[in-house]
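Below is model_26.cif, holding mmCIF, C-alpha atoms.
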```cif
data_upload
loop_
_atom_site.label_atom_id
_atom_site.label_comp_id
_atom_site.auth_asym_id
_atom_site.auth_seq_id
_atom_site.Cartn_x
_atom_site.Cartn_y
_atom_site.Cartn_z
CA MET Q 17 -5.80 7.14 63.42
CA ASN Q 18 -9.37 7.98 62.43
CA ILE Q 19 -10.30 8.54 58.84
CA VAL Q 20 -12.89 11.24 58.22
CA THR Q 21 -15.45 9.68 55.89
CA ILE Q 22 -17.01 12.02 53.39
CA SER Q 23 -20.82 12.26 53.22
CA VAL Q 24 -23.09 13.37 50.39
CA PHE Q 25 -23.49 16.65 52.26
CA ASP Q 26 -19.69 17.16 52.28
CA LEU Q 27 -19.54 16.51 48.53
CA SER Q 28 -22.36 19.01 47.97
CA ILE Q 29 -20.39 21.79 49.66
CA CYS Q 30 -17.58 21.32 47.14
CA ALA Q 31 -20.05 20.93 44.28
CA ILE Q 32 -21.49 24.35 45.13
CA LEU Q 33 -18.02 25.85 44.59
CA VAL Q 34 -17.92 24.39 41.08
CA LEU Q 35 -21.46 25.63 40.39
CA LEU Q 36 -20.43 29.12 41.51
CA LEU Q 37 -17.43 28.99 39.17
CA ALA Q 38 -19.67 27.90 36.28
CA GLY Q 39 -22.15 30.68 37.11
CA LEU Q 40 -19.39 33.25 37.11
CA SER Q 41 -18.16 31.94 33.75
CA PHE Q 42 -21.61 32.44 32.25
CA GLN Q 43 -21.77 35.93 33.78
CA LEU Q 44 -18.40 36.88 32.26
CA ARG Q 45 -19.22 35.16 28.93
CA LEU Q 46 -16.00 33.13 29.11
CA GLY Q 47 -17.52 30.44 26.93
CA VAL Q 48 -16.36 27.66 29.24
CA GLY Q 49 -19.30 27.54 31.66
CA LYS Q 50 -20.90 24.61 29.88
CA SER Q 51 -17.57 22.77 29.60
CA ILE Q 52 -17.01 23.15 33.34
CA LEU Q 53 -20.39 21.62 34.14
CA ILE Q 54 -19.94 18.74 31.69
CA ALA Q 55 -16.42 18.01 32.90
CA ALA Q 56 -17.54 18.12 36.53
CA ALA Q 57 -20.40 15.74 35.78
CA ARG Q 58 -17.99 13.39 34.00
CA THR Q 59 -15.68 13.44 37.00
CA VAL Q 60 -18.52 12.39 39.30
CA ILE Q 61 -19.86 9.68 37.02
CA GLN Q 62 -16.50 8.21 35.96
CA LEU Q 63 -15.09 8.15 39.47
CA MET Q 64 -18.28 6.67 40.93
CA LEU Q 65 -18.19 3.93 38.30
CA ILE Q 66 -14.54 3.10 38.88
CA GLY Q 67 -15.29 3.11 42.63
CA LEU Q 68 -18.01 0.51 42.07
CA VAL Q 69 -15.72 -1.55 39.85
CA LEU Q 70 -12.85 -1.44 42.34
CA ASN Q 71 -15.21 -2.36 45.19
CA ALA Q 72 -16.36 -5.41 43.26
CA VAL Q 73 -12.83 -6.40 42.27
CA PHE Q 74 -11.48 -5.98 45.78
CA ALA Q 75 -14.24 -8.24 47.09
CA ASP Q 76 -13.38 -10.94 44.58
CA ALA Q 77 -9.64 -10.72 43.83
CA HIS Q 78 -9.82 -12.86 40.73
CA GLY Q 79 -6.80 -12.57 38.41
CA GLY Q 80 -9.04 -12.50 35.35
CA TRP Q 81 -10.77 -9.29 36.44
CA ILE Q 82 -7.48 -7.56 37.05
CA ALA Q 83 -6.17 -8.68 33.66
CA LEU Q 84 -9.33 -7.30 32.04
CA ILE Q 85 -8.95 -3.92 33.74
CA ALA Q 86 -5.27 -3.82 32.76
CA LEU Q 87 -6.20 -4.60 29.15
CA ILE Q 88 -8.79 -1.83 29.03
CA MET Q 89 -6.26 0.62 30.49
CA LEU Q 90 -3.72 -0.43 27.85
CA LEU Q 91 -6.14 -0.03 24.95
CA VAL Q 92 -7.36 3.37 26.10
CA ALA Q 93 -3.78 4.55 26.70
CA GLY Q 94 -2.73 3.22 23.28
CA ARG Q 95 -5.54 5.12 21.60
CA GLU Q 96 -4.66 8.26 23.53
CA VAL Q 97 -1.00 8.02 22.42
CA MET Q 98 -2.14 7.73 18.80
CA MET Q 99 -4.58 10.65 19.07
CA ARG Q 100 -1.85 12.92 20.39
CA GLN Q 101 0.37 12.40 17.33
CA HIS Q 102 0.39 15.27 14.88
CA ARG Q 103 1.89 12.94 12.26
CA ARG Q 104 1.08 9.32 12.93
CA PHE Q 105 2.05 6.00 11.42
CA LYS Q 106 -0.41 4.59 8.91
CA GLY Q 107 -2.50 1.51 9.55
CA LEU Q 108 -2.05 -0.75 12.55
CA TRP Q 109 1.32 0.78 13.34
CA GLY Q 110 -0.31 4.01 14.54
CA PHE Q 111 -2.09 2.24 17.37
CA GLY Q 112 0.16 -0.78 17.73
CA LEU Q 113 3.54 0.85 18.24
CA GLY Q 114 2.52 2.97 21.24
CA SER Q 115 0.49 0.14 22.80
CA LEU Q 116 3.24 -2.42 22.33
CA SER Q 117 5.94 -0.28 23.92
CA MET Q 118 3.66 0.63 26.85
CA PHE Q 119 2.73 -3.02 27.24
CA VAL Q 120 6.37 -4.10 27.42
CA SER Q 121 7.60 -1.41 29.79
CA THR Q 122 4.56 -0.92 32.05
CA PHE Q 123 3.85 -4.58 32.65
CA SER Q 124 7.44 -5.66 33.17
CA VAL Q 125 8.20 -2.87 35.66
CA THR Q 126 4.87 -3.21 37.52
CA ILE Q 127 5.08 -6.98 37.82
CA LEU Q 128 8.67 -6.77 39.00
CA VAL Q 129 7.71 -4.31 41.75
CA LEU Q 130 4.59 -6.28 42.74
CA VAL Q 131 6.54 -9.51 43.08
CA ALA Q 132 9.91 -8.32 44.38
CA VAL Q 133 9.01 -5.22 46.42
CA ILE Q 134 5.39 -5.45 47.57
CA GLY Q 135 5.37 -9.24 47.89
CA GLU Q 136 1.64 -9.51 48.66
CA ASP Q 137 -0.11 -12.86 48.27
CA PRO Q 138 -1.36 -13.25 45.57
CA TRP Q 139 1.08 -10.93 43.79
CA TYR Q 140 -1.69 -9.46 41.67
CA SER Q 141 -3.64 -8.36 44.75
CA PRO Q 142 -5.88 -5.58 43.33
CA GLN Q 143 -5.28 -3.16 46.19
CA TYR Q 144 -1.71 -2.74 44.90
CA ALA Q 145 -1.85 -3.88 41.28
CA ILE Q 146 -4.59 -1.51 40.07
CA PRO Q 147 -3.29 1.79 41.49
CA LEU Q 148 0.27 0.97 40.39
CA LEU Q 149 -0.83 0.08 36.86
CA GLY Q 150 -2.97 3.21 36.66
CA MET Q 151 -0.15 5.51 37.65
CA MET Q 152 2.29 3.72 35.37
CA PHE Q 153 0.03 3.95 32.33
CA GLY Q 154 -0.81 7.60 32.97
CA ASN Q 155 2.86 8.58 32.95
CA THR Q 156 4.29 6.13 30.42
CA MET Q 157 1.59 7.29 28.04
CA ASN Q 158 2.91 10.85 28.27
CA GLY Q 159 6.51 9.85 27.62
CA VAL Q 160 5.71 7.57 24.71
CA ALA Q 161 3.37 10.12 23.13
CA LEU Q 162 5.90 12.95 23.44
CA GLY Q 163 8.76 10.82 22.12
CA MET Q 164 6.84 9.51 19.11
CA ASP Q 165 5.43 12.92 18.29
CA ARG Q 166 8.90 14.45 18.33
CA LEU Q 167 10.24 11.60 16.21
CA THR Q 168 7.78 11.96 13.34
CA GLN Q 169 7.72 15.77 13.51
CA MET Q 170 11.51 16.19 13.51
CA THR Q 171 12.01 13.62 10.77
CA TRP Q 172 9.47 15.45 8.64
CA GLN Q 173 11.12 18.81 9.22
CA ASN Q 174 14.62 17.45 8.61
CA ARG Q 175 13.79 15.08 5.77
CA LEU Q 176 16.13 16.84 3.32
CA ILE Q 177 19.03 16.60 5.77
CA VAL Q 178 18.35 12.93 6.52
CA GLU Q 179 18.32 12.15 2.81
CA ALA Q 180 21.46 14.22 2.19
CA ARG Q 181 23.23 12.15 4.85
CA LEU Q 182 21.98 8.94 3.23
CA MET Q 183 23.31 10.18 -0.12
CA LEU Q 184 26.76 10.51 1.42
CA GLY Q 185 26.65 6.84 2.36
CA GLN Q 186 25.64 7.08 6.01
CA ASN Q 187 23.42 4.28 7.29
CA TRP Q 188 19.97 5.05 8.67
CA ARG Q 189 21.17 5.12 12.28
CA GLU Q 190 23.81 7.76 11.57
CA ALA Q 191 21.56 9.74 9.24
CA ALA Q 192 18.87 10.03 11.94
CA SER Q 193 21.05 9.93 15.06
CA ASP Q 194 20.30 13.52 16.17
CA ILE Q 195 16.55 13.01 15.77
CA TYR Q 196 16.69 9.73 17.68
CA ARG Q 197 18.45 11.23 20.70
CA GLU Q 198 16.28 14.33 20.70
CA SER Q 199 13.04 12.28 20.59
CA ILE Q 200 14.00 10.07 23.53
CA ARG Q 201 15.07 13.12 25.50
CA ALA Q 202 11.69 14.76 24.81
CA GLY Q 203 9.91 11.73 26.29
CA LEU Q 204 12.09 11.69 29.41
CA ILE Q 205 12.15 15.36 30.35
CA PRO Q 206 8.77 15.42 32.18
CA ILE Q 207 9.67 12.61 34.58
CA ILE Q 208 13.18 14.01 35.17
CA ASN Q 209 11.62 17.35 36.06
CA ALA Q 210 9.03 15.66 38.29
CA MET Q 211 11.74 13.80 40.21
CA ALA Q 212 13.83 16.94 40.54
CA VAL Q 213 11.10 19.03 42.19
CA ALA Q 214 9.28 16.25 44.09
CA GLY Q 215 8.55 17.34 47.63
CA VAL Q 216 9.93 20.84 47.11
CA VAL Q 217 7.70 22.46 44.55
CA SER Q 218 5.13 19.72 44.04
CA LEU Q 219 3.69 17.34 46.61
CA PRO Q 220 2.78 14.21 44.63
CA GLY Q 221 -0.94 13.39 44.70
CA MET Q 222 -0.51 9.77 45.65
CA MET Q 223 1.58 10.58 48.70
CA MET Q 224 -0.86 13.28 49.79
CA GLY Q 225 -3.72 10.82 49.32
CA GLN Q 226 -2.10 8.30 51.62
CA ILE Q 227 -1.38 10.96 54.25
CA LEU Q 228 -5.00 12.20 54.09
CA ALA Q 229 -6.10 8.60 54.58
CA GLY Q 230 -4.12 8.46 57.81
CA VAL Q 231 -0.90 6.73 56.77
CA SER Q 232 2.26 7.94 58.49
CA PRO Q 233 4.17 10.38 56.24
CA MET Q 234 7.35 8.27 56.23
CA ILE Q 235 5.51 5.25 54.83
CA ALA Q 236 3.79 7.46 52.26
CA VAL Q 237 7.17 8.93 51.27
CA ASN Q 238 8.67 5.48 50.72
CA TYR Q 239 5.76 4.52 48.50
CA GLN Q 240 6.13 7.72 46.56
CA ILE Q 241 9.83 7.07 45.94
CA ILE Q 242 9.06 3.61 44.62
CA ILE Q 243 6.36 5.06 42.38
CA MET Q 244 8.67 7.77 41.04
CA PHE Q 245 11.38 5.25 40.20
CA MET Q 246 8.85 2.92 38.58
CA ILE Q 247 7.51 5.75 36.48
CA ALA Q 248 11.01 6.84 35.48
CA ALA Q 249 12.00 3.32 34.45
CA GLY Q 250 8.68 2.57 32.73
CA THR Q 251 8.61 5.87 30.85
CA GLY Q 252 12.27 5.62 29.89
CA PHE Q 253 12.17 2.04 28.60
CA GLY Q 254 8.78 2.57 26.95
CA THR Q 255 9.96 5.70 25.14
CA ILE Q 256 13.18 4.01 24.01
CA VAL Q 257 11.28 0.99 22.66
CA ALA Q 258 8.72 3.18 20.86
CA VAL Q 259 11.25 5.59 19.34
CA THR Q 260 13.65 2.80 18.32
CA ILE Q 261 11.00 0.75 16.53
CA GLY Q 262 9.39 3.89 15.11
CA MET Q 263 12.71 5.13 13.75
CA ARG Q 264 13.34 1.79 12.04
CA ARG Q 265 9.85 1.92 10.56
CA LEU Q 266 10.63 5.29 8.95
CA PHE Q 267 13.25 3.52 6.82
CA ASP Q 268 12.71 0.48 4.62
CA GLU Q 269 14.95 -2.53 3.98
CA ARG Q 270 17.03 -0.50 1.49
CA GLU Q 271 17.42 2.24 4.13
CA ARG Q 272 15.31 4.73 2.20
CA LEU Q 273 13.50 7.40 4.18
CA ARG Q 274 9.81 6.44 3.91
CA LEU Q 275 7.74 9.36 5.14
CA ASP Q 276 4.85 7.96 3.09
CA ARG Q 277 4.37 5.60 6.05
CA VAL Q 278 3.26 8.56 8.15
CA ILE Q 279 0.14 10.69 7.66
CA LEU Q 280 -0.86 14.07 8.95
CA ALA Q 281 -3.65 13.75 11.51
CA ALA Q 282 -6.86 15.49 10.50
CA LYS Q 283 -7.59 18.48 12.69
CA MET L 13 15.25 9.53 -11.76
CA LEU L 14 18.59 10.38 -10.15
CA ARG L 15 17.00 9.58 -6.80
CA ALA L 16 15.94 6.16 -8.06
CA ILE L 17 19.46 5.41 -9.32
CA ALA L 18 20.83 6.36 -5.90
CA ASP L 19 18.17 4.03 -4.43
CA LEU L 20 16.48 6.78 -2.44
CA ASP L 21 13.05 6.17 -3.96
CA PRO L 22 11.42 2.75 -4.42
CA HIS L 23 11.70 1.93 -8.13
CA HIS L 24 11.13 -0.70 -10.80
CA GLY L 25 13.85 -2.04 -13.06
CA LYS L 26 17.42 -2.91 -12.23
CA VAL L 27 20.46 -0.71 -11.78
CA PHE L 28 23.96 -2.14 -12.16
CA LEU L 29 27.28 -0.69 -11.06
CA ASP L 30 29.84 -2.64 -13.11
CA ASP L 31 28.38 -6.12 -12.60
CA VAL L 32 26.76 -5.68 -9.22
CA GLU L 33 23.02 -5.09 -9.00
CA CYS L 34 21.81 -2.39 -6.62
CA ASN L 35 20.00 -4.82 -4.29
CA ASP L 36 23.13 -6.94 -3.90
CA MET L 37 25.10 -4.10 -2.35
CA ARG L 38 24.69 -2.55 1.12
CA PRO L 39 22.57 0.63 0.71
CA GLY L 40 25.22 2.88 2.27
CA LEU L 41 28.00 1.47 0.09
CA TRP L 42 25.82 1.76 -3.01
CA ARG L 43 25.07 5.42 -2.34
CA ARG L 44 28.72 6.21 -1.59
CA ASN L 45 29.67 4.69 -4.93
CA ILE L 46 26.89 6.47 -6.81
CA GLY L 47 27.56 9.97 -5.48
CA LEU L 48 24.34 11.99 -5.94
CA LEU L 49 24.65 15.78 -5.60
CA PRO L 50 21.17 17.30 -5.06
CA ALA L 51 20.32 20.71 -6.48
CA GLU L 52 20.24 22.21 -3.00
CA SER L 53 22.93 21.25 -0.49
CA GLN L 54 22.13 20.36 3.13
CA TRP L 55 24.27 21.01 6.21
CA TRP L 56 23.64 19.77 9.73
CA HIS L 57 26.75 20.56 11.80
CA GLU L 58 27.91 24.05 12.72
CA THR L 59 31.19 24.21 10.82
CA VAL L 60 32.06 23.01 7.34
CA GLY L 61 34.86 20.72 8.48
CA GLU L 62 32.61 18.58 10.68
CA HIS L 63 30.86 17.36 7.52
CA PHE L 64 34.10 15.98 6.07
CA THR L 65 35.70 12.70 7.09
CA ASN L 66 38.85 13.04 4.99
CA ALA L 67 39.12 16.50 3.45
CA ASP L 68 41.40 16.80 0.41
CA THR L 69 43.16 20.21 0.34
CA GLY L 70 44.03 19.81 -3.34
CA LEU L 71 40.31 19.69 -4.16
CA LEU L 72 39.64 22.69 -1.91
CA ASN L 73 42.21 24.74 -3.82
CA ALA L 74 40.78 23.66 -7.16
CA LEU L 75 37.45 25.27 -6.23
CA GLY L 76 39.00 28.47 -4.91
CA PHE L 77 39.09 27.68 -1.19
CA ASN L 78 41.98 27.22 1.22
CA GLU L 79 42.17 25.08 4.34
CA ASP L 80 40.50 27.77 6.47
CA ALA L 81 37.26 26.91 4.71
CA LEU L 82 36.92 23.85 6.95
CA GLY L 83 36.54 26.14 9.97
CA TYR L 84 33.84 28.32 8.39
CA GLN L 85 30.40 28.58 9.98
CA VAL L 86 27.91 27.02 7.56
CA VAL L 87 25.30 29.74 8.18
CA ARG L 88 27.69 32.44 6.93
CA LEU L 89 28.30 30.82 3.54
CA SER L 90 26.60 31.99 0.36
CA SER L 91 24.50 29.43 -1.50
CA GLY L 92 27.17 29.24 -4.21
CA GLU L 93 29.89 28.48 -1.64
CA ARG L 94 27.71 25.84 -0.07
CA GLN L 95 27.07 24.24 -3.42
CA ARG L 96 30.80 24.05 -4.25
CA LEU L 97 31.67 22.69 -0.80
CA ALA L 98 28.90 20.10 -1.14
CA LEU L 99 30.53 18.90 -4.35
CA LEU L 100 33.86 18.62 -2.52
CA ARG L 101 32.24 16.71 0.31
CA LEU L 102 30.86 14.29 -2.21
CA LEU L 103 34.14 13.86 -4.11
CA CYS L 104 35.99 13.07 -0.85
CA ASN L 105 33.92 9.85 -0.76
CA GLN L 106 35.65 8.78 -4.02
CA PRO L 107 32.39 7.86 -5.78
CA ARG L 108 32.64 5.69 -8.91
CA THR L 109 29.85 7.62 -10.63
CA LEU L 110 28.61 11.18 -10.18
CA LEU L 111 24.98 12.21 -10.52
CA LEU L 112 24.93 16.00 -10.63
CA ASP L 113 21.60 17.83 -10.46
CA GLU L 114 22.24 21.32 -11.83
CA PRO L 115 25.50 21.66 -9.87
CA THR L 116 26.27 25.17 -11.13
CA ALA L 117 22.78 26.69 -10.89
CA SER L 118 23.77 29.15 -8.14
CA LEU L 119 27.32 29.87 -9.34
CA ASP L 120 28.85 32.85 -11.17
CA PRO L 121 30.59 32.18 -14.56
CA GLU L 122 34.07 31.97 -13.01
CA ASN L 123 33.07 29.31 -10.47
CA THR L 124 30.96 27.49 -13.04
CA ILE L 125 34.12 27.00 -15.11
CA ARG L 126 36.02 25.87 -11.98
CA VAL L 127 33.37 23.25 -11.21
CA GLU L 128 33.28 22.02 -14.79
CA ARG L 129 37.07 21.68 -14.82
CA LEU L 130 37.13 19.90 -11.44
CA VAL L 131 34.50 17.36 -12.53
CA LYS L 132 36.40 16.78 -15.75
CA ASP L 133 39.65 16.16 -13.85
CA TYR L 134 37.91 13.85 -11.42
CA ARG L 135 36.39 11.92 -14.30
CA SER L 136 39.71 11.36 -16.02
CA SER L 137 41.70 10.59 -12.85
CA SER L 138 39.20 8.17 -11.28
CA LEU L 139 37.56 6.89 -14.49
CA ALA L 140 34.16 7.73 -13.02
CA SER L 141 31.04 8.12 -15.13
CA VAL L 142 29.08 11.35 -14.75
CA ILE L 143 25.40 12.07 -15.30
CA TRP L 144 25.00 15.84 -15.44
CA VAL L 145 21.53 17.42 -15.40
CA SER L 146 21.58 20.91 -16.90
CA HIS L 147 19.28 23.45 -18.51
CA ASP L 148 22.13 25.35 -20.14
CA PRO L 149 22.75 24.21 -23.78
CA LYS L 150 26.22 25.77 -23.81
CA GLN L 151 27.20 23.92 -20.67
CA ILE L 152 25.90 20.66 -22.10
CA GLU L 153 28.12 21.26 -25.11
CA ARG L 154 31.16 21.90 -22.89
CA VAL L 155 30.87 18.96 -20.50
CA SER L 156 29.16 16.07 -22.27
CA ASN L 157 30.03 13.34 -24.70
CA ARG L 158 26.49 11.96 -24.76
CA HIS L 159 23.36 14.07 -24.60
CA LEU L 160 19.95 12.74 -23.54
CA ARG L 161 16.92 14.95 -23.40
CA MET L 162 13.85 14.34 -21.23
CA VAL L 163 10.82 14.64 -23.52
CA LYS L 164 7.38 13.88 -22.07
CA GLY L 165 8.86 11.51 -19.48
CA LYS L 166 11.08 9.66 -21.98
CA LEU L 167 14.80 10.03 -22.59
CA VAL L 168 15.66 10.86 -26.21
CA ALA L 169 19.20 10.81 -27.58
CA GLN L 170 20.39 14.15 -28.96
CA PRO L 171 23.26 14.74 -31.39
CA ILE L 172 26.48 16.13 -29.95
CA SER L 173 27.80 19.06 -31.91
#
```
As a first step, turn the structure in this file into structure tokens.
Amino acid sequence: MNIVTISVFDLSICAILVLLLAGLSFQLRLGVGKSILIAAARTVIQLMLIGLVLNAVFADAHGGWIALIALIMLLVAGREVMMRQHRRFKGLWGFGLGSLSMFVSTFSVTILVLVAVIGEDPWYSPQYAIPLLGMMFGNTMNGVALGMDRLTQMTWQNRLIVEARLMLGQNWREAASDIYRESIRAGLIPIINAMAVAGVVSLPGMMMGQILAGVSPMIAVNYQIIIMFMIAAGTGFGTIVAVTIGMRRLFDERERLRLDRVILAAK
Amino acid sequence: MLRAIADLDPHHGKVFLDDVECNDMRPGLWRRNIGLLPAESQWWHETVGEHFTNADTGLLNALGFNEDALGYQVVRLSSGERQRLALLRLLCNQPRTLLLDEPTASLDPENTIRVERLVKDYRSSSLASVIWVSHDPKQIERVSNRHLRMVKGKLVAQPIS
């Protein structure tokens, strides 16, 4: 099958659409015209840069380069998780907890799939490793951020109840059991919903991308199923790790509720 | 200070229950033995009974409830009823000391007397010690055999009349 390559002229046609939208925004005084232009420019620049990087990495499939890209993805995702917390852990914990849980879940699931399912030689072949890692981080990040945000928020709101349960002699697990379950559920709901409507309401972008690039739909579908399951497992395990360690961190060695370990993020 | 004794706030100094220091006992066991009743009671299940592990009907009667109270919806209780039921919930743990933070603040005179009598009975039957925080001089006279007053952050002994 032939792949239609896209020229600068083709890109310009689509760029004109965005310019028209920005123009209309200025006309209607929506206040977002400038944001549209800046965001569009960022899209072009960032994607061009990552295209160049991927081109270089694909040409020289050195493990070190892939590890470096994976590390940058992890650090950026870890920062993003922290920034999304309304109440975040103080000090290194704020950044470390989210990054650690994403590191554990994303890398273990991705490496398992690369070795056991894809089976390319070498196993870290960038054509597979980089897109898989990217999709994993993007989704695990959401789950971990939602779970941790719910954890600190709910504990704050229910602090009197948690302490009342401690006063009656319950241990920290019992005293916070409802919050724990609710936080993990919050992290998992997006991926459960995504799996439930996949192919019916939403056509996943990766699968569509492969089909546009000329891959037979059945192959694309199989890839998409693998991706969905990877994301579900990665998000689930990552959220459980983050919420479990975070919950423990909210109590000290004498099982006192220690909300002084959490601070309100500045607006 | 009551929170520090119940080991809910980090604190200096040592607290002993009989001969056992606070840090030598499991936190949950320590708090069950100490029995702190906060000024405002907290409820997290829908019905009253779900908060009790081993409800004692004798205690329920002593505070003017019958067994139906265990099936009540928590949201429909008055703050006074909640406060009395919270005391019952605490006593069902058989604590060896009681730390009561204004336990009768939201109660009418009749129920105040009931609570005072119940705590007195519990004290004599289980040989528990009670620390009772109160702003009512008459109540202090009725329930205490030692009276300490908080003055500028220090406890000062007061005469018992």
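Here atom CA of Ser117 of chain Q is placed at a distance of 28.4 Å from atom CA of Leu65 of chain Q.
For the atom pair formed by atom CA of Gly185 of chain Q and atom CA of Arg94 of chain L, the distance is 19.2 Å, given to one decimal.
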Pairwise distance for atom CA of Gly25 of chain L and atom CA of Leu110 of chain L, rounded to one decimal in Å: 20.0 Å
Nearby residues (only C-alpha atoms) at most 9 Å from Met152 of chain Q, same-chain spacing under 4 positions excluded, as a PyMOL selection string: chain Q and resi 122-123+125-126+147-148+156-157+243+246-247+250-251
Hits of the PyMOL selection byres ((chain Q) within 10 of (chain L)) in this structure, as a list in words: Asn174, Leu176, Ile177, Val178, Glu179, Ala180, Arg181, Leu182, Met183, Leu184, Gly185, Gln186, Asn187, Trp188, Asp194, Asp268, Glu269, Arg270, Glu271, Arg272, Leu273 and Arg274 of chain Q
Hits from the PyMOL selection byres ((chain Q and resi 70) around 12), listed as JSON, numbers by chain: {"Q": [63, 64, 65, 66, 67, 68, 69, 71, 72, 73, 74, 75, 76, 77, 78, 81, 82, 85, 141, 142, 143, 144, 145, 146, 147]}
For Arg126 of chain L: contacts at 10 Å, all atoms listed in the file, fewer than 2 positions along chain excluded, given as a PyMOL selection string: chain L and resi 74-76+96+116+119+121-124+128-132
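Distances from L:Asn66, L:Thr59, L:Asn157, L:Ser138 to Gly83 of chain L were compared using all atoms listed in the file, and the smallest one belongs to L:Thr59.
Evaluated on this file, the PyMOL selection byres ((chain Q and resi 101) around 8) matches Val97, Met98, Met99, Arg100, His102, Arg103, Arg104, Ala161, Met164, Asp165 and Ala281 of chain Q.
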Give me, as a compact mmCIF listing (two decimals) with C-alpha atoms, in the frame of the given file, all polymer residues having an atom no more than 9 Å from Met222 of chain Q, counting all atoms listed in the file and skipping those fewer than 3 positions away in the same chain.
```txt
# COMPACT_ATOMS: atom_id res chain seq x y z
CA LEU Q 219 3.69 17.34 46.61
CA GLY Q 225 -3.72 10.82 49.32
CA GLN Q 226 -2.10 8.30 51.62
CA ILE Q 227 -1.38 10.96 54.25
CA ALA Q 236 3.79 7.46 52.26
CA TYR Q 239 5.76 4.52 48.50
CA GLN Q 240 6.13 7.72 46.56
CA ILE Q 243 6.36 5.06 42.38
```
Long-range neighbours of Ala57 of chain Q as a PyMOL selection string, 12 Å cut-off, only C-alpha atoms, 5 positions minimum in chain: chain Q and resi 31+34-35+50-52+62-64
Okay, now the selection with C-alpha atoms, as a PDB file, keeping the file's coordinate frame?
```pdb
ATOM      1  CA  ALA Q  31     -20.050  20.930  44.280  1.00  0.00           C
ATOM      2  CA  VAL Q  34     -17.920  24.390  41.080  1.00  0.00           C
ATOM      3  CA  LEU Q  35     -21.460  25.630  40.390  1.00  0.00           C
ATOM      4  CA  LYS Q  50     -20.900  24.610  29.880  1.00  0.00           C
ATOM      5  CA  SER Q  51     -17.570  22.770  29.600  1.00  0.00           C
ATOM      6  CA  ILE Q  52     -17.010  23.150  33.340  1.00  0.00           C
ATOM      7  CA  GLN Q  62     -16.500   8.210  35.960  1.00  0.00           C
ATOM      8  CA  LEU Q  63     -15.090   8.150  39.470  1.00  0.00           C
ATOM      9  CA  MET Q  64     -18.280   6.670  40.930  1.00  0.00           C
TER      10      MET Q  64
END
```
Near-Ala38 of chain Q list (12 Å; only C-alpha atoms; drop same-chain fewer than 3 positions) as number ranges by chain: Q: 31-35, 41-56
For the residues selected in the previous step, produce a file with C-alpha atoms as a PDB file, in the coordinates of the input.
```
ATOM      1  CA  ALA Q  31     -20.050  20.930  44.280  1.00  0.00           C
ATOM      2  CA  ILE Q  32     -21.490  24.350  45.130  1.00  0.00           C
ATOM      3  CA  LEU Q  33     -18.020  25.850  44.590  1.00  0.00           C
ATOM      4  CA  VAL Q  34     -17.920  24.390  41.080  1.00  0.00           C
ATOM      5  CA  LEU Q  35     -21.460  25.630  40.390  1.00  0.00           C
ATOM      6  CA  SER Q  41     -18.160  31.940  33.750  1.00  0.00           C
ATOM      7  CA  PHE Q  42     -21.610  32.440  32.250  1.00  0.00           C
ATOM      8  CA  GLN Q  43     -21.770  35.930  33.780  1.00  0.00           C
ATOM      9  CA  LEU Q  44     -18.400  36.880  32.260  1.00  0.00           C
ATOM     10  CA  ARG Q  45     -19.220  35.160  28.930  1.00  0.00           C
ATOM     11  CA  LEU Q  46     -16.000  33.130  29.110  1.00  0.00           C
ATOM     12  CA  GLY Q  47     -17.520  30.440  26.930  1.00  0.00           C
ATOM     13  CA  VAL Q  48     -16.360  27.660  29.240  1.00  0.00           C
ATOM     14  CA  GLY Q  49     -19.300  27.540  31.660  1.00  0.00           C
ATOM     15  CA  LYS Q  50     -20.900  24.610  29.880  1.00  0.00           C
ATOM     16  CA  SER Q  51     -17.570  22.770  29.600  1.00  0.00           C
ATOM     17  CA  ILE Q  52     -17.010  23.150  33.340  1.00  0.00           C
ATOM     18  CA  LEU Q  53     -20.390  21.620  34.140  1.00  0.00           C
ATOM     19  CA  ILE Q  54     -19.940  18.740  31.690  1.00  0.00           C
ATOM     20  CA  ALA Q  55     -16.420  18.010  32.900  1.00  0.00           C
ATOM     21  CA  ALA Q  56     -17.540  18.120  36.530  1.00  0.00           C
TER      22      ALA Q  56
END
```
